[in-house]
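Enquirer: The following block contains the structure, expressed as structure tokens.
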Amino acid sequence: MSESVLTPRETQDRLFVKIALKSRQNDIISGVQRHLVFASFCELFIELITFVKGHEQALTSVVISLKSNSPENQLLARLSQTQYGELLSRLRPIHLKSGQVVHEPRAPVEYAYFPVSGVLSAVVVLSTGNMIEVATVGREGATGLPAFVDLQESPHRVFCQIPGEALRIEVNQLQKASLAEGPFRKMLFSYQAAFFYQVSQSVACNGTHHLEERCCRWLLMTHDRVDADEIELTHEFLAAMLGVRGSSVNEARQVRRRKGLIDYERGKIVVRDRQGMEEASCECYQAVINEYDRLLK
Ligand SMILES: [Zn+2]
């Protein structure tokens with residue numbers, strides 16, 4: 001997999017540029033999405049003017065949107081620009097594919113991952129091969145952090161549930177960066193405590209709460225991280241995450257569907273009534289959010 005190395009200066013100046021050229025029929029006849037440093041934005045602009053001149057009759061609009069490339073992982077976003085700059089040369093961007101395993105249980109942790117989009121699942125794998133989810137991680141968190149407190153192995157299998165982008169750092173680099181007392185080290189400890197709270201709450205939830213409430217909790221946590229009402233998901237996958245049979249999840253889903261909370265369309269769950277789902281979820285969804293806010297405020 002190819003990786004690009006960015007210096008702090010380059011990254012501070014990087015922009016996400018999205019350009020769409022629309023025809024009279026409102027079709028997009030040319031679109032481009034690029035990450036680029038500010039200097040090359042001028043070159044892209046000249047390219048764009050040349051293209052527009054050749055298509056003046058056909059074009060009705062040119063839409064350009066710019067977004068700065070500041071860290072969107074919420075842990076990294078808590079660091080000051082100086083602290084983030086110091087860490088940046090050790091972080092590498094990586095795309096995570098659906099199903100990609102980033103940590104195996106009882107195997108050495110090579111990298112810690114700070115997601116900026118997508119969702120990862122931490123699961124316990126039993127000797128029968130069955131697994132049950134104990135935590136999910138999105139842009140509010142990170143994986144592989146046990147290595148930072150000198151445990152070299154992951155207690156869980158962690159894999160990508162919904163594809164997205166992440167920044168990853170080699171574990172020895174993470175340990176070096178966190179040796180000194182300071183905000184980064186404090187943040188890692190606070191996040192570890194928040195993650196442990198989520199795992200504990202999942203144990204209580206899996207053992208006591210009704211399947212329908214747990215489904216709602218799971219969907220709410222995922223909905224928070226995908227920035228869209230459509231979640232690509234089969235009920236077999238959801239059943240595996242909740243540690244139950246597929247038919248049970250199907251029944252629970254039918255109930256929620258009848259209540260108008262969700263729809264299900266060919267491998268996609270569509271959230272229709274977010275407020276209703278919050279009311280139908282068990283207390284665990286809000287309890288975990290409250291604890292993250294308390295520890296990481
Ligand atoms: Zn619960």
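In the structure tokens, each chain is lettered A, B, ... as it comes, each chain's residues begin at 1, and ligands are numbered from 1 in order of appearance.
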Step one, run DSSP on the backbone; step two, keep only residues of segment 55-211 of chain A assigned to helix (DSSP H, G or I); then write them as JSON, numbers by chain.

Expert: {"A": [74, 75, 76, 77, 81, 82, 83, 84, 85, 86, 87, 88, 145, 146, 147, 148, 149, 171, 172, 173, 174, 175, 176, 177, 183, 184, 185, 186, 187, 188, 189, 190, 191, 192, 193, 194, 195, 196, 197, 198, 199, 200, 201, 202, 203, 204, 205, 206, 207, 208, 211]}

Enquirer: Contacts between ligand 1 and chain A, please, where a residue of chain A counts if it comes within 8 Å (with only C-alpha atoms and all ligand atoms); show its shortest atom pair and distance in Å to one decimal, rows by chain and ascending number, as CSV.

Expert:
residue,atom,partner,partner_atom_place_in_ligand_line,distance
A:Gln201,CA,ligand 1,1 (Zn),7.2
A:Ser202,CA,ligand 1,1 (Zn),6.9
A:Ala204,CA,ligand 1,1 (Zn),6.9
A:Cys205,CA,ligand 1,1 (Zn),3.7
A:Asn206,CA,ligand 1,1 (Zn),6.8
A:Thr208,CA,ligand 1,1 (Zn),7.2
A:His209,CA,ligand 1,1 (Zn),5.1
A:His210,CA,ligand 1,1 (Zn),7.7
A:Glu213,CA,ligand 1,1 (Zn),6.7
A:Arg214,CA,ligand 1,1 (Zn),5.6
A:Arg217,CA,ligand 1,1 (Zn),7.0
A:Ser281,CA,ligand 1,1 (Zn),7.4
A:Cys282,CA,ligand 1,1 (Zn),4.5
A:Glu283,CA,ligand 1,1 (Zn),5.7
A:Cys284,CA,ligand 1,1 (Zn),4.3
A:Tyr285,CA,ligand 1,1 (Zn),6.9

Enquirer: Given the selection you just returned, output its residues as a file containing C-alpha atoms, formatted as a compact mmCIF listing (two decimals), in the first residue's frame.

Expert:
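Generated file (part16.txt):
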# COMPACT_ATOMS: atom_id res chain seq x y z
CA GLN A 201 -20.89 -1.12 29.78
CA SER A 202 -21.04 -3.54 26.83
CA ALA A 204 -23.57 -5.25 31.34
CA CYS A 205 -25.60 -4.43 28.21
CA ASN A 206 -25.05 -7.80 26.51
CA THR A 208 -29.12 -7.69 30.72
CA HIS A 209 -30.69 -5.52 28.05
CA HIS A 210 -33.32 -6.53 25.52
CA GLU A 213 -32.69 -1.91 22.81
CA ARG A 214 -29.20 -3.19 22.06
CA ARG A 217 -27.81 1.41 20.78
CA SER A 281 -32.29 2.42 23.07
CA CYS A 282 -31.14 1.22 26.47
CA GLU A 283 -29.38 3.61 28.84
CA CYS A 284 -25.95 2.35 27.71
CA TYR A 285 -25.79 4.58 24.61

Enquirer: Figure out the distance between atom CA of Val271 of chain A and atom CA of Ser117 of chain A, please, to one decimal in Å.

Expert: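 Here the two named atoms are 18.5 Å from each other.
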
Enquirer: Using only C-alpha atoms for the distances, tell me which of A:Gln81, A:Gln286, A:Thr234, A:Asn172 is nearest to Cys216 of chain A.

Expert: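 Using only C-alpha atoms, the shortest distance to Cys216 of chain A belongs to A:Gln286.
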
Enquirer: Could you give me, as a list in words, each residue of segment 140-292 of chain A that DSSP assigns to strand (DSSP E or B) when run on this structure's backbone?

Expert: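 Residues of segment 140-292 of chain A classed as strand (DSSP E or B): Thr143, Glu153, Ser154, Arg157, Val158, Phe159, Cys160, Gln161, Ile162, Gly164, Glu165, Ala166, Leu167, Arg168, Ile169, Glu170, Glu230, Ile231, Glu232, Ile262, Asp263, Tyr264, Glu265, Lys268, Ile269, Val270 and Val271 of chain A.
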
Enquirer: Of the candidates A:Asn290, A:Gln173, A:Gln74, A:Ser154, which one gets nearest to Glu86 of chain A if we count only C-alpha atoms?

Expert: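 Distance minimum relative to Glu86 of chain A lands on A:Gln173.
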
Enquirer: Rounded to one decimal, what separation in Å do you get between atom CA of Asn73 of chain A and atom CA of Val116 of chain A?

Expert: 4.6 Å

Enquirer: Expressed in Å to a single decimal, how great is the separation between atom CA of Gly164 of chain A and atom CA of Ser121 of chain A?

Expert: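 So the answer is 13.0 Å.
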
Enquirer: Restricting the calculation to only C-alpha atoms: of A:Ala239, A:Val123, A:Ile132, A:Leu79, which residue gets closest to Val102 of chain A?

Expert: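 Among the listed residues, A:Val123 lies closest to Val102 of chain A.
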
Enquirer: I'd like the neighbourhood of Gln275 of chain A as a list in words, where a residue qualifies if any of its atoms comes within 12 Å (using only C-alpha atoms), though same-chain residues fewer than 3 positions away should be ignored.

Expert: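 The filter keeps Cys216, Leu220, Gly260, Leu261, Ile262, Val271, Arg272, Glu278, Glu279, Ala280 and Ser281 of chain A.
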
Enquirer: Taking only C-alpha atoms into account, which of A:Arg168, A:Arg139, A:His156, A:Arg78 comes nearest Pro93 of chain A?

Expert: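 Among the listed residues, the smallest separation from Pro93 of chain A belongs to A:Arg168.
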
Enquirer: Taking into account only C-alpha atoms, which residue in the set A:Arg106, A:Lys186, A:Lys97, A:His223 is nearest to Cys160 of chain A?

Expert: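 Closest candidate: A:Lys97.
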
Enquirer: Might you pull out every residue within 12 Å of Gly243 of chain A, with only C-alpha atoms counted and same-chain residues fewer than 4 positions away left off, and present them as number ranges by chain?

Expert: A: 123-126, 129-134, 202-203, 205-207, 211, 214-215, 235-239, 247-249

Enquirer: Using only C-alpha atoms, which of A:Val109, A:Leu76, A:Leu145, A:Ile162 sits nearest His95 of chain A?

Expert: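 Among A:Val109, A:Leu76, A:Leu145, A:Ile162, it is A:Ile162 that comes nearest to His95 of chain A.
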
Enquirer: Show me, as a PyMOL selection string, the residues that have an atom within 12 Å of Gln83 of chain A when counting only C-alpha atoms, minus same-chain residues fewer than 2 positions from it.

Expert: chain A and resi 8+75-81+85-89+177-178+182-185+187
